[in-house]
>>> print(open('data-v1.txt').read())   # compact mmCIF, C-alpha atoms
# COMPACT_ATOMS: atom_id res chain seq x y z
CA MET Q 2 0.11 98.24 -45.36
CA PHE Q 3 0.67 96.47 -42.04
CA GLY Q 4 -2.69 94.72 -42.44
CA LYS Q 5 -1.61 93.19 -45.76
CA ILE Q 6 1.77 92.08 -44.35
CA SER Q 7 0.25 90.51 -41.24
CA SER Q 8 -2.42 88.69 -43.29
CA ARG Q 9 0.29 87.39 -45.66
CA LEU Q 10 2.40 86.24 -42.69
CA LEU Q 11 -0.66 84.57 -41.19
CA GLY Q 12 -1.36 82.80 -44.50
CA ILE Q 13 2.27 81.64 -44.84
CA SER Q 14 2.29 80.49 -41.20
CA LEU Q 15 -0.85 78.42 -41.76
CA LEU Q 16 0.69 76.79 -44.85
CA VAL Q 17 3.83 75.91 -42.89
CA VAL Q 18 1.75 74.40 -40.07
CA ILE Q 19 -0.38 72.37 -42.51
CA ALA Q 20 2.71 71.15 -44.37
CA GLY Q 21 4.31 70.17 -41.05
CA CYS Q 22 1.24 68.11 -40.09
CA ASN Q 23 1.46 66.14 -43.32
CA LYS Q 24 5.18 65.38 -43.04
CA THR Q 25 6.17 61.83 -42.12
CA ASP Q 26 8.50 61.90 -39.13
CA THR Q 27 10.61 58.85 -38.32
CA GLY Q 28 11.67 60.28 -34.97
CA GLY Q 29 15.38 60.23 -35.81
CA ALA Q 30 15.15 56.65 -37.01
CA ILE Q 31 18.33 54.62 -37.23
CA ASP Q 32 17.10 52.81 -40.35
CA ALA Q 33 13.37 52.42 -40.73
CA GLY Q 34 13.72 50.02 -43.65
CA GLY Q 35 11.40 49.92 -46.63
CA GLY Q 36 12.30 50.94 -50.13
CA ALA Q 37 11.24 53.31 -52.85
CA THR Q 38 8.36 51.02 -53.89
CA ALA Q 39 7.29 49.87 -50.40
CA PRO Q 40 5.87 52.11 -47.67
CA THR Q 41 8.16 52.61 -44.70
CA PRO Q 42 6.86 50.74 -41.63
CA ALA Q 43 6.01 52.75 -38.55
CA VAL Q 44 8.82 53.36 -36.07
CA ILE Q 45 7.51 52.42 -32.64
CA GLN Q 46 9.62 53.68 -29.74
CA GLY Q 47 6.98 53.58 -27.00
CA THR Q 48 6.76 49.78 -26.98
CA CYS Q 49 10.36 49.12 -27.99
CA PRO Q 50 11.87 46.73 -25.40
CA GLN Q 51 14.56 48.09 -23.09
CA VAL Q 52 18.14 46.93 -23.71
CA TYR Q 53 20.05 45.72 -20.63
CA LEU Q 54 23.73 45.11 -19.96
CA LEU Q 55 24.35 42.57 -17.21
CA ASP Q 56 27.29 43.08 -14.86
CA GLY Q 57 28.63 39.58 -15.48
CA THR Q 58 28.62 39.89 -19.28
CA ALA Q 59 29.49 43.56 -19.88
CA ASN Q 60 33.25 42.92 -19.55
CA TYR Q 61 35.52 40.56 -21.45
CA ARG Q 62 39.19 39.62 -21.16
CA THR Q 63 41.51 37.55 -23.28
CA TYR Q 64 44.67 36.09 -21.80
CA ALA Q 65 47.97 34.87 -23.23
CA LYS Q 66 48.03 31.11 -23.88
CA GLY Q 67 48.18 29.10 -20.71
CA ALA Q 68 47.30 32.05 -18.46
CA LYS Q 69 43.93 32.52 -16.78
CA ASP Q 70 43.08 35.24 -14.27
CA ASP Q 71 46.69 36.52 -14.25
CA PRO Q 72 46.48 40.33 -14.66
CA THR Q 73 49.99 40.45 -16.13
CA LYS Q 74 48.91 38.11 -18.97
CA ILE Q 75 45.87 40.09 -20.19
CA VAL Q 76 46.01 40.53 -23.98
CA TYR Q 77 42.83 42.60 -24.40
CA GLN Q 78 40.12 43.84 -22.12
CA ALA Q 79 36.76 45.05 -23.48
CA ALA Q 80 33.73 46.69 -21.89
CA LEU Q 81 30.23 47.53 -23.09
CA ALA Q 82 28.80 50.83 -21.90
CA ASP Q 83 25.83 52.58 -23.51
CA THR Q 84 22.92 51.17 -25.51
CA THR Q 85 20.13 52.40 -27.69
CA ARG Q 86 17.53 50.75 -29.85
CA GLN Q 87 14.86 51.30 -32.46
CA CYS Q 88 11.81 49.23 -33.27
CA VAL Q 89 9.79 48.95 -36.45
CA GLN Q 90 6.41 47.23 -36.37
CA ASN Q 91 5.19 45.29 -39.40
CA GLU Q 92 2.18 42.99 -39.82
CA SER Q 93 3.52 40.15 -37.67
CA GLN Q 94 6.77 41.23 -36.02
CA LEU Q 95 8.52 43.86 -34.00
CA VAL Q 96 11.92 44.27 -35.67
CA MET Q 97 14.67 45.90 -33.61
CA THR Q 98 17.99 47.52 -34.32
CA VAL Q 99 20.19 47.30 -31.22
CA VAL Q 100 23.25 49.55 -30.87
CA VAL Q 101 25.91 49.23 -28.16
CA GLN Q 102 28.97 51.39 -27.52
CA GLY Q 103 32.09 49.73 -26.17
CA ARG Q 104 35.81 50.07 -25.63
CA VAL Q 105 38.81 47.78 -26.05
CA VAL Q 106 42.11 48.28 -24.20
CA SER Q 107 45.23 46.23 -24.82
CA GLY Q 108 46.69 44.67 -21.70
CA PRO Q 109 50.28 44.06 -20.56
CA ALA Q 110 50.56 41.00 -22.85
CA GLY Q 111 48.81 42.72 -25.78
CA GLY Q 112 49.43 45.44 -28.29
CA ALA Q 113 48.13 46.65 -31.60
CA GLY Q 114 46.04 44.22 -33.59
CA SER Q 115 42.65 42.72 -34.13
CA VAL Q 116 40.45 41.11 -31.49
CA ASN Q 117 37.18 39.27 -32.12
CA LEU Q 118 34.60 40.07 -29.48
CA PRO Q 119 31.86 37.46 -28.91
CA ILE Q 120 28.77 39.67 -28.52
CA ARG Q 121 25.39 38.05 -27.94
CA VAL Q 122 22.04 39.77 -28.39
CA ALA Q 123 19.19 37.88 -26.73
CA ALA Q 124 15.54 38.66 -26.03
CA THR Q 125 13.28 36.96 -23.52
CA ASP Q 126 9.73 37.31 -22.26
CA GLY Q 127 10.76 36.02 -18.83
CA LYS Q 128 9.97 32.38 -19.65
CA ASN Q 129 10.95 31.88 -23.28
CA THR Q 130 13.88 32.95 -25.41
CA LEU Q 131 12.44 35.01 -28.26
CA TYR Q 132 15.76 35.70 -30.00
CA SER Q 133 19.42 34.82 -29.48
CA GLU Q 134 22.38 35.35 -31.78
CA LEU Q 135 26.12 35.40 -31.15
CA THR Q 136 28.27 37.58 -33.39
CA GLN Q 137 32.06 37.51 -33.58
CA TYR Q 138 32.66 41.25 -33.87
CA PRO Q 139 36.16 42.28 -35.02
CA VAL Q 140 37.73 45.38 -33.49
CA GLU Q 141 41.12 46.78 -34.51
CA VAL Q 142 43.33 48.29 -31.80
CA PRO Q 143 45.61 50.83 -33.51
CA ALA Q 144 49.38 50.83 -33.04
CA GLY Q 145 50.78 53.29 -30.56
CA VAL Q 146 47.41 53.96 -28.90
CA GLY Q 147 46.52 50.74 -27.07
CA THR Q 148 42.83 51.57 -26.88
CA THR Q 149 39.86 52.10 -29.17
CA GLN Q 150 36.13 52.61 -29.00
CA PHE Q 151 33.62 50.74 -31.12
CA ILE Q 152 29.94 50.77 -32.02
CA PHE Q 153 28.26 47.37 -32.38
CA THR Q 154 25.01 47.35 -34.36
CA LYS Q 155 22.70 44.36 -34.66
CA THR Q 156 19.91 44.82 -37.17
CA ASN Q 157 16.87 42.66 -37.86
CA VAL Q 158 16.34 41.40 -34.31
CA ALA Q 159 12.87 39.97 -35.01
CA LEU Q 160 10.46 39.48 -32.11
CA PRO Q 161 6.84 38.28 -32.30
CA GLY Q 162 4.25 41.03 -32.79
CA GLY Q 163 3.19 42.53 -29.46
CA ALA Q 164 6.41 41.40 -27.76
CA GLY Q 165 7.44 44.95 -26.89
CA ASP Q 166 5.22 45.12 -23.82
CA PHE Q 167 6.85 42.19 -22.02
CA ALA Q 168 10.21 41.48 -23.69
CA LYS Q 169 13.65 42.38 -22.39
CA VAL Q 170 16.72 42.50 -24.61
CA TYR Q 171 20.15 41.64 -23.23
CA VAL Q 172 23.52 42.37 -24.82
CA GLY Q 173 26.77 40.98 -23.48
CA PHE Q 174 29.94 39.07 -24.15
CA ASP Q 175 29.40 35.33 -24.44
CA GLU Q 176 32.01 32.67 -25.09
CA GLY Q 177 29.33 29.99 -25.40
CA PRO Q 178 28.19 28.17 -28.55
CA VAL Q 179 26.59 30.03 -31.42
CA ALA Q 180 22.78 29.78 -31.27
CA GLY Q 181 21.26 27.51 -33.86
CA LYS Q 182 24.21 25.10 -34.01
CA LYS Q 183 23.46 21.71 -32.57
CA LYS Q 184 26.00 19.88 -30.46
CA LYS Q 185 26.98 16.47 -31.84
>>> encode(input="data-v1.txt", output="structure tokens")
Amino acid sequence: MFGKISSRLLGISLLVVIAGCNKTDTGGAIDAGGGATAPTPAVIQGTCPQVYLLDGTANYRTYAKGAKDDPTKIVYQAALADTTRQCVQNESQLVMTVVVQGRVVSGPAGGAGSVNLPIRVAATDGKNTLYSELTQYPVEVPAGVGTTQFIFTKTNVALPGGAGDFAKVYVGFDEGPVAGKKKK
């Protein structure tokens, strides 16, 4: 009796192992893309460029009109903290999804309301800019709380194929011009 049970368990165990080997694993993918008719591209984490927050661009303050650098006139203060990313490789590109966690606190001159945070995602190979886009990201500070956390997600950050080995991605606040617009 025990021989039949152990051989059945062995057979079931082998089927489970074989089924597990054939399963497609996205590694906890954020959004691997693809659709029902197209195969899902491979999620590549090993060569996915690191995301960096620079000290000078990880914090942002808005002041009341006419005030600059006066701590009593701060309307909102924001900070970026943690990052993560995911890369999907297709025939010609490495496409990233960049995710950043942040926090907004209303200052002495602020309160509940909406603030637009100028968040730039940029990628470089050390010499050339591979990608740069500025997003005005709205965050709502609830009444009576004065603080809120947010998650900023930038999808479709397209880098040239093979860029993962030498590229660095930077995320930060940037009050500069939006990339792609030409100055007149």
>>> atom_distance(input="data-v1.txt", atom1="atom CA of Arg121 of chain Q", atom2="atom CA of Val105 of chain Q")
16.7 Å
>>> atom_distance(input="data-v1.txt", atom1="atom CA of Lys66 of chain Q", atom2="atom CA of Gln102 of chain Q")
28.1 Å
>>> atom_distance(input="data-v1.txt", atom1="atom CA of Lys69 of chain Q", atom2="atom CA of Asp83 of chain Q")
27.8 Å
>>> closest_residue(input="data-v1.txt", among="Q:Val158, Q:Ala59, Q:Ala79, Q:Ala124", to="Arg104 of chain Q", atoms="all atoms listed in the file")
Q:Ala79
>>> closest_residue(input="data-v1.txt", among="Q:Val99, Q:Gly111, Q:Gln90, Q:Tyr53", to="Thr73 of chain Q", atoms="only C-alpha atoms")
Q:Gly111
>>> closest_residue(input="data-v1.txt", among="Q:Gly147, Q:Pro139, Q:Pro109, Q:Gly173", to="Ala80 of chain Q", atoms="all atoms listed in the file")
Q:Gly173
>>> closest_residue(input="data-v1.txt", among="Q:Val96, Q:Ala123, Q:Ala110, Q:Val140", to="Phe153 of chain Q", atoms="all atoms listed in the file")
Q:Val140
>>> closest_residue(input="data-v1.txt", among="Q:Tyr138, Q:Tyr171, Q:Tyr61, Q:Tyr132", to="Thr84 of chain Q", atoms="only C-alpha atoms")
Q:Tyr171
>>> residues_around(input="data-v1.txt", residues="Gly127 of chain Q", least_positions_apart="5", cutoff="8 Å", atoms="only C-alpha atoms", output="list in words")
Phe167, Ala168 and Lys169 of chain Q
>>> write_last_selection(input="data-v1.txt", atoms="C-alpha atoms", output="tab-separated table (two decimals), in the frame of the given file")
chain	number	residue	atom	x	y	z
Q	167	PHE	CA	6.85	42.19	-22.02
Q	168	ALA	CA	10.21	41.48	-23.69
Q	169	LYS	CA	13.65	42.38	-22.39
